[in-house]
Protein chains: 2
Amino acid sequence: MDRTVLNTDLLLGSAITEENPFISTEETLHWLRKRNAATKVNVNKIPFREMKDWHLDEKQGALRHSSGRFFSISGINVKTNWGKVEEWEQPVIDQPEVGYLGIITKEINGILYFLLQAKIEPGNVNNVQLSPTLQATRSNYSQVHKGRKPLYLEYFQQVKRDQVILDQLQSEQGARFYKKRNRNMIIKADEDIPVEEDFIWLTLGQIKRLLCYDNVVNMDTRTVISAISFSGHLKPVSEMRVAAAGQIDYAMLESQINGDVALYKVDEIITWLTQLKCNFDLNVRPISLFDIKGWIIEEDVIRQENNLYFNVIAAQVEISNREVRSWHQPLVGPIEPGIIAFIHKRINGVSHFLVQAKLECGNFDILEMAPTVQCITGSYANSKDVPFLDYILNADSSQIRYDTLQSEEGGRFYREQNRNLIIEADDNMSEEVPDNYIWMTLHQMSIFLKFNNYLNIQARSLISTIQFLK
Amino acid sequence: MDRTVLNTDLLLGSAITEENPFISTEETLHWLRKRNAATKVNVNKIPFREMKDWHLDEKQGALRHSSGRFFSISGINVKTNWGKVEEWEQPVIDQPEVGYLGIITKEINGILYFLLQAKIEPGNVNNVQLSPTLQATRSNYSQVHKGRKPLYLEYFQQVKRDQVILDQLQSEQGARFYKKRNRNMIIKADEDIPVEEDFIWLTLGQIKRLLCYDNVVNMDTRTVISAISFSGHLKPVSEMRVAAAGQIDYAMLESQINGDVALYKVDEIITWLTQLKCNFDLNVRPISLFDIKGWIIEEDVIRQENNLYFNVIAAQVEISNREVRSWHQPLVGPIEPGIIAFIHKRINGVSHFLVQAKLECGNFDILEMAPTVQCITGSYANSKDVPFLDYILNADSSQIRYDTLQSEEGGRFYREQNRNLIIEADDNMSEEVPDNYIWMTLHQMSIFLKFNNYLNIQARSLISTIQFLK
């Protein structure tokens with residue numbers, strides 16, 4: 001049979017399997033807790049001028065590394081006819097390098113396992129989270145910092161075409177990064193893979209179960225697994241090893257594997273998005289970090305003058321577990337937590353998700369498809385201004401399918417958490433929605449996800465949490 | 001039955017129909033020749049300083065219109081690890097506005113007709129070519145020039161969702177424009193459409209037949225019709241009105257309508273392109289027109305110091321047919337003609353096209369899918385440096401499926417023509433190709449074409465010429 005179909009069957013099989021002879025889900029949580037307790041992470045705010053290798057460079061107009069590599073914090077001026085604010089300026093993370101976010105998988109006794117790492121990041125709320133097998137910027141793997149080569153890098157660099165399950169460029173946070181993208185990869189190894197310390201094999205079903213806990217699976221893992229498509233799946237679900245037989249949510253499974261049941265055709269969704277992209281302008285001009293209107297550079301923080309949105313700090317990071325490591329780097333911290341939520345509704349017996357076209361200043365192409373609601377909690381006071389926010393905040397507990405705290409990538413973001421929600425619409429909810437919203441099936445979202453820069457990272461984070469098991 | 005499927009059947013029906021009770025293909029050619037003879041177009045080179053409403057603006061670093069609208073000629077600095085030249089500077093056409101390229105279609109007695117216009121453009125080789133129903137920049141339709149509103153504009157602005165056959169953002173020439181895109185639309189009118197002077201109804205089969213003549217169908221029409229997909233077609237071809245029954249090229253038709261016969265899966269093609277996009281960098285920095293290294297601004301021309309590539313002239317345009325109109329504008333002229341060519345090969349009984357991933361400085365996203373060969377004739381001397389150029393230039397006449405001269409859009413380009421070729425590979429040609437080439441079916445190209453910025457305008461121009469009738 002065709003390799004791609006075989007892979008799809010394996011992926012779906014793994015998604016509905018929670019049994020794992022190597023490590024159970026409970027053991028994984030226990031193991032992470034132990035790793036967490038054995039690790040100490042200190043992040044101390046220091047003055048920018050005391051940072052080693054980083055400095056506020058007035059000539060370049062940026063906070064940057066002395067090598068010119070890694071990333072920098074610079075400024076942008078934004079003009080747009082989207083929303084209520086026509087022009088603003090803000091700092092952005094500028095990181096033109098494309099990094100690897102890669103997971104190695106392997107079929108063992110008919111089940112596909114994913115190799116994840118318990119990884120420490122300075123900005124993590126809880127020190128250690130499950131990250132992809134490989135998480136490396138070009139500066140990392142070209143060894144600018146003269147550290148050791150990232151583990152497992154060579155498997156991705158030397159991958160054969162027929163071992164690739166997916167290999168896509170996907171966007172990062174458009175409100176913080178300037179057009180940043182990462183290479184999201186899943187490869188399937190034929191050879192034996194050595195399991196290094198802090199790495200474990202998990203089924204996709206286990207990862208999805210672990211996503212029901214706060215801050216266990218990191219953002220990089222979430223974006224990579226969000227790209228897994230089960231379309232083209234052939235084998236009847238009943239024939240597969242189902243850990244929890246009879247527990248399958250068929251409306252959700254149909255939404256993912258059946259391409260013919262959607263309310264709108266893919267072409268109609270393209271038409272919808274084209275019209276919006278033509279109606280809205282996004283003009284972004286790089287400016288000096290030192291010229292950003294409304295922002296203040298203090299000795300140890302770059303902040304908005306009224307303490308809104310986010311800030312940039314100079315961090316002295318000290319991590320101790322088996323060895324002690326210490327370094328300096330900037331971190332971006334939120335002022336308040338946010339909320340991201342999808343509403344889904346059964347239409348023609350199949351789950352449809354309410355997708356929003358959203359403009360963010362760092363978007364590669366004006367608008368990306370975002371969750372139904374994506375905002376900071378500060379917006380709650382004016383919840384009438386944010387469509388569907390009231391609906392989500394007032395949902396009955398029976399409608400809440402998913403509700404956890406998940407955090408942004410701890411290598412750049414300091415303890416930034418978002419509440420992730422998936423809400424099932426009640427029967428009264430109308431299929432009529434505002435112009436920049438549209439109902440899509442999971443299958444359709446995974447088609448757009450394949451192509452660059454269609455679904456934003458918040459939408460992908462939520463998609464990664466969707467399970468077919470109840 | 002489903003509206004989209006009905007439209008696809010109508011489109012394919014129109015594509016294989018050359019009968020037209022309103023105007024035959026012969027009459028269309030005769031009508032165009034008459035229009036051409038009745039029209040006089042004078043383009044006189046004048047000094048930049050004599051241009052009305054346009055001026056070389058040292059402060060803005062650009063040749064621009066006094067309104068700040070329409071387009072401007074500015075400079076870019078390009079750095080890349082693609083190809084042999086690591087850094088260069090050049091002028092570009094900067095036109096951030098998205099324009100409409102739109103065709104109205106109508107079903108009349110079961111056949112779909114396309115409303116085209118015999119349109120005069122100053123840069124056209126032969127004055128008049130067949131253009132889309134609507135060809136308008138935002139400056140046009142917001143009436144910056146205080147002219148009359150473009151004909152048929154309201155049909156596109158007020159179109160209902162179920163009248164849209166396609167609505168996509170597509171790229172323009174990446175070596176001349178900086179990230180320029182146009183909105184390519186085909187709509188299907190339900191109401192009666194008045195046929196204004198210089199407009200005619202043609203079947204898609206007629207347009208494709210007219211594409212066998214040099215410079216009859218303009219670039220804008222070509223890019224719009226290239227986006228027509230026949231995928232999802234249901235009705236057996238034999239049941240349709242076939243003007244030339246028995247003349248169908250089934251290998252080509254299968255290539256378009258059958259999604260399951262390709263050498264590579266769409267996911268494998270995405271993997272191929274992701275890898276290339278990650279390996280190649282394109283850094284483009286806007287610079288002043290007056291600072292471009294290696295280019296000279298003279299009184300009446302902006303040119304490369306060794307007279308290579310292209311130049312920019314100040315044109316006094318005078319057009320006389322029924323009335324006399326005259327204006328000034330910059331035009332971009334080529335130094336030498338170019339060649340664009342696709343090689344196709346029957347693989348598993350289905351035509352596959354050899355697609356090149358090509359970097360051009362104005363590309364929106366580093367690389368786009370281009371024809372097998374896309375170069376200027378100056379490259380012939382070193383044809384060994386251009387893969388497949390020798391193969392194309394030495395093809396046996398029995399392999400040449402298509403060979404005409406087609407021109408770039410005459411509103412910006414001064415008499416710029418490219419030889420358009422489609423060559424059928426002989427049995428000896430290997431399926432093994434260099435890393436940045438891949439074999440794709442027409443069906444696959446039309447999938448990528450739906451999403452923004454995957455197929456470049458040269459590839460689309462060639463795709464538009466492909467017929468299913470021999």
# chains A, B, ... in the order shown; residues from 1 in each chain; ligands from 1
$ residues_around --residues "Asn283 of chain B" --least-positions-apart "4" --cutoff "12 Å" --atoms "only C-alpha atoms" --output "list in words"
Pro96 and Glu97 of chain A; Ile76, Asn77, Val78, Lys79, Thr80, Asn81, Trp82, Glu86, Glu87, Trp88, Glu89, Leu359, Glu360, Cys361, Gly362, Asn363, Phe364, Asp365 and Ile366 of chain B
$ write_last_selection --atoms "C-alpha atoms" --output "PDB file, in the first residue's frame"
ATOM      1  CA  PRO A  96      15.302  36.176  10.580  1.00  0.00           C
ATOM      2  CA  GLU A  97      16.698  32.673  11.042  1.00  0.00           C
TER       3      GLU A  97
ATOM      4  CA  ILE B  76      16.598  47.677  -3.682  1.00  0.00           C
ATOM      5  CA  ASN B  77      19.717  46.051  -2.344  1.00  0.00           C
ATOM      6  CA  VAL B  78      19.559  42.267  -2.620  1.00  0.00           C
ATOM      7  CA  LYS B  79      21.602  39.720  -0.675  1.00  0.00           C
ATOM      8  CA  THR B  80      21.160  36.004  -1.236  1.00  0.00           C
ATOM      9  CA  ASN B  81      22.993  32.692  -1.179  1.00  0.00           C
ATOM     10  CA  TRP B  82      21.030  31.569  -4.271  1.00  0.00           C
ATOM     11  CA  GLU B  86      25.658  37.170  -3.697  1.00  0.00           C
ATOM     12  CA  GLU B  87      24.702  40.828  -3.707  1.00  0.00           C
ATOM     13  CA  TRP B  88      23.337  43.309  -6.210  1.00  0.00           C
ATOM     14  CA  GLU B  89      21.274  46.459  -6.490  1.00  0.00           C
ATOM     15  CA  LEU B 359      14.394  32.823  -6.419  1.00  0.00           C
ATOM     16  CA  GLU B 360      13.674  36.313  -7.719  1.00  0.00           C
ATOM     17  CA  CYS B 361      14.385  39.484  -5.785  1.00  0.00           C
ATOM     18  CA  GLY B 362      10.793  40.722  -5.619  1.00  0.00           C
ATOM     19  CA  ASN B 363       9.340  37.377  -4.524  1.00  0.00           C
ATOM     20  CA  PHE B 364       6.946  37.541  -1.613  1.00  0.00           C
ATOM     21  CA  ASP B 365       8.329  34.331  -0.089  1.00  0.00           C
ATOM     22  CA  ILE B 366      11.864  33.643  -1.327  1.00  0.00           C
TER      23      ILE B 366
END
$ interface_residues --of "chain A" --to "chain B" --cutoff "6 Å" --atoms "only C-alpha atoms" --output "MDAnalysis selection string"
chainID A and resid 167:168 271 274
$ residues_around --residues "segment 44-46 of chain B" --least-positions-apart "2" --cutoff "7 Å" --atoms "only C-alpha atoms" --output "PDB file with N, CA, C and O atoms, in the first residue's frame"
ATOM      1  N   ASN B  42       1.585  56.301 -30.095  1.00  0.00           N
ATOM      2  CA  ASN B  42       2.940  56.857 -30.133  1.00  0.00           C
ATOM      3  C   ASN B  42       3.519  56.912 -28.736  1.00  0.00           C
ATOM      4  O   ASN B  42       2.888  57.433 -27.820  1.00  0.00           O
ATOM      5  N   PHE B  48      13.082  63.051 -18.136  1.00  0.00           N
ATOM      6  CA  PHE B  48      12.298  62.905 -16.901  1.00  0.00           C
ATOM      7  C   PHE B  48      11.756  64.254 -16.415  1.00  0.00           C
ATOM      8  O   PHE B  48      10.639  64.353 -15.936  1.00  0.00           O
ATOM      9  N   GLU B  50      10.717  66.708 -17.947  1.00  0.00           N
ATOM     10  CA  GLU B  50       9.571  67.244 -18.696  1.00  0.00           C
ATOM     11  C   GLU B  50       8.274  66.481 -18.416  1.00  0.00           C
ATOM     12  O   GLU B  50       7.221  66.805 -18.971  1.00  0.00           O
ATOM     13  N   ASP B 300      17.015  60.947 -19.762  1.00  0.00           N
ATOM     14  CA  ASP B 300      15.767  60.333 -20.227  1.00  0.00           C
ATOM     15  C   ASP B 300      15.729  58.813 -20.054  1.00  0.00           C
ATOM     16  O   ASP B 300      14.857  58.151 -20.617  1.00  0.00           O
ATOM     17  N   ILE B 313      12.237  54.224 -18.871  1.00  0.00           N
ATOM     18  CA  ILE B 313      12.178  55.446 -19.670  1.00  0.00           C
ATOM     19  C   ILE B 313      11.000  56.315 -19.231  1.00  0.00           C
ATOM     20  O   ILE B 313      10.038  55.837 -18.635  1.00  0.00           O
ATOM     21  N   ALA B 314      11.119  57.588 -19.547  1.00  0.00           N
ATOM     22  CA  ALA B 314      10.005  58.518 -19.373  1.00  0.00           C
ATOM     23  C   ALA B 314       9.278  58.565 -20.704  1.00  0.00           C
ATOM     24  O   ALA B 314       9.878  58.903 -21.728  1.00  0.00           O
ATOM     25  N   ALA B 315       8.013  58.204 -20.707  1.00  0.00           N
ATOM     26  CA  ALA B 315       7.296  58.093 -21.975  1.00  0.00           C
ATOM     27  C   ALA B 315       6.205  59.144 -22.081  1.00  0.00           C
ATOM     28  O   ALA B 315       5.445  59.370 -21.143  1.00  0.00           O
ATOM     29  N   GLN B 316       6.173  59.782 -23.238  1.00  0.00           N
ATOM     30  CA  GLN B 316       5.002  60.577 -23.589  1.00  0.00           C
ATOM     31  C   GLN B 316       4.140  59.675 -24.467  1.00  0.00           C
ATOM     32  O   GLN B 316       4.559  59.250 -25.542  1.00  0.00           O
ATOM     33  N   VAL B 317       2.972  59.348 -23.981  1.00  0.00           N
ATOM     34  CA  VAL B 317       2.107  58.397 -24.677  1.00  0.00           C
ATOM     35  C   VAL B 317       1.000  59.159 -25.377  1.00  0.00           C
ATOM     36  O   VAL B 317       0.382  60.049 -24.785  1.00  0.00           O
TER      37      VAL B 317
END
$ residues_around --residues "Arg303 of chain B" --least-positions-apart "5" --cutoff "12 Å" --atoms "only C-alpha atoms" --output "ChimeraX atom specification"
/B:90-91,289-290,292-298,308-313,332-335
$ closest_residue --among "B:Gly205, B:Gly378, B:Gly349, B:Pro387" --to "Thr17 of chain B" --atoms "only C-alpha atoms"
B:Gly205
$ residues_around --residues "Ile376 of chain B" --least-positions-apart "3" --cutoff "9 Å" --atoms "only C-alpha atoms" --output "ChimeraX atom specification"
/B:309,336-340,379-380,418
$ write_last_selection --atoms "N, CA, C and O atoms" --output "short mmCIF file (atom, residue, chain, number, x, y, z; two decimals), in the first residue's frame"
data_model
loop_
_atom_site.label_atom_id
_atom_site.label_comp_id
_atom_site.auth_asym_id
_atom_site.auth_seq_id
_atom_site.Cartn_x
_atom_site.Cartn_y
_atom_site.Cartn_z
N TYR B 309 20.09 43.83 -18.71
CA TYR B 309 18.81 43.59 -18.02
C TYR B 309 17.63 44.40 -18.56
O TYR B 309 16.89 43.93 -19.40
N GLU B 336 16.70 42.65 -23.90
CA GLU B 336 16.61 41.55 -24.86
C GLU B 336 15.41 40.68 -24.50
O GLU B 336 14.96 40.70 -23.36
N PRO B 337 14.89 39.94 -25.47
CA PRO B 337 13.74 39.09 -25.16
C PRO B 337 14.14 37.91 -24.30
O PRO B 337 15.32 37.61 -24.14
N GLY B 338 13.15 37.25 -23.74
CA GLY B 338 13.41 36.10 -22.89
C GLY B 338 12.72 34.86 -23.42
O GLY B 338 12.03 34.88 -24.44
N ILE B 339 12.95 33.78 -22.72
CA ILE B 339 12.31 32.52 -23.09
C ILE B 339 11.77 31.89 -21.81
O ILE B 339 12.42 31.92 -20.77
N ILE B 340 10.55 31.39 -21.88
CA ILE B 340 10.03 30.59 -20.78
C ILE B 340 9.50 29.30 -21.37
O ILE B 340 8.88 29.31 -22.44
N SER B 379 21.46 34.48 -22.18
CA SER B 379 21.99 33.29 -21.51
C SER B 379 22.32 32.17 -22.49
O SER B 379 22.95 31.19 -22.12
N TYR B 380 21.86 32.31 -23.74
CA TYR B 380 22.07 31.21 -24.69
C TYR B 380 23.54 30.88 -24.87
O TYR B 380 23.92 29.73 -25.03
N ASN B 418 8.25 37.51 -24.47
CA ASN B 418 8.94 36.27 -24.16
C ASN B 418 8.46 35.19 -25.11
O ASN B 418 7.28 35.13 -25.44
#
$ residues_around --residues "Asp403 of chain A" --least-positions-apart "6" --cutoff "8 Å" --atoms "only C-alpha atoms" --output "tab-separated table (two decimals) with N, CA, C and O atoms, in the first residue's frame"
chain	number	residue	atom	x	y	z
A	212	CYS	N	-3.99	17.81	28.46
A	212	CYS	CA	-5.10	18.15	29.36
A	212	CYS	C	-4.59	18.70	30.68
A	212	CYS	O	-5.37	19.11	31.55
A	419	ARG	N	-4.87	30.97	28.63
A	419	ARG	CA	-5.90	29.98	28.89
A	419	ARG	C	-6.38	29.48	27.53
A	419	ARG	O	-6.75	30.25	26.65
A	420	ASN	N	-6.31	28.17	27.33
A	420	ASN	CA	-6.72	27.54	26.07
A	420	ASN	C	-8.07	26.89	26.27
A	420	ASN	O	-8.22	26.02	27.13
A	421	LEU	N	-9.04	27.27	25.47
A	421	LEU	CA	-10.40	26.76	25.64
A	421	LEU	C	-10.95	26.23	24.32
A	421	LEU	O	-10.74	26.83	23.26
A	422	ILE	N	-11.67	25.13	24.41
A	422	ILE	CA	-12.49	24.70	23.28
A	422	ILE	C	-13.91	24.50	23.80
A	422	ILE	O	-14.14	23.76	24.76
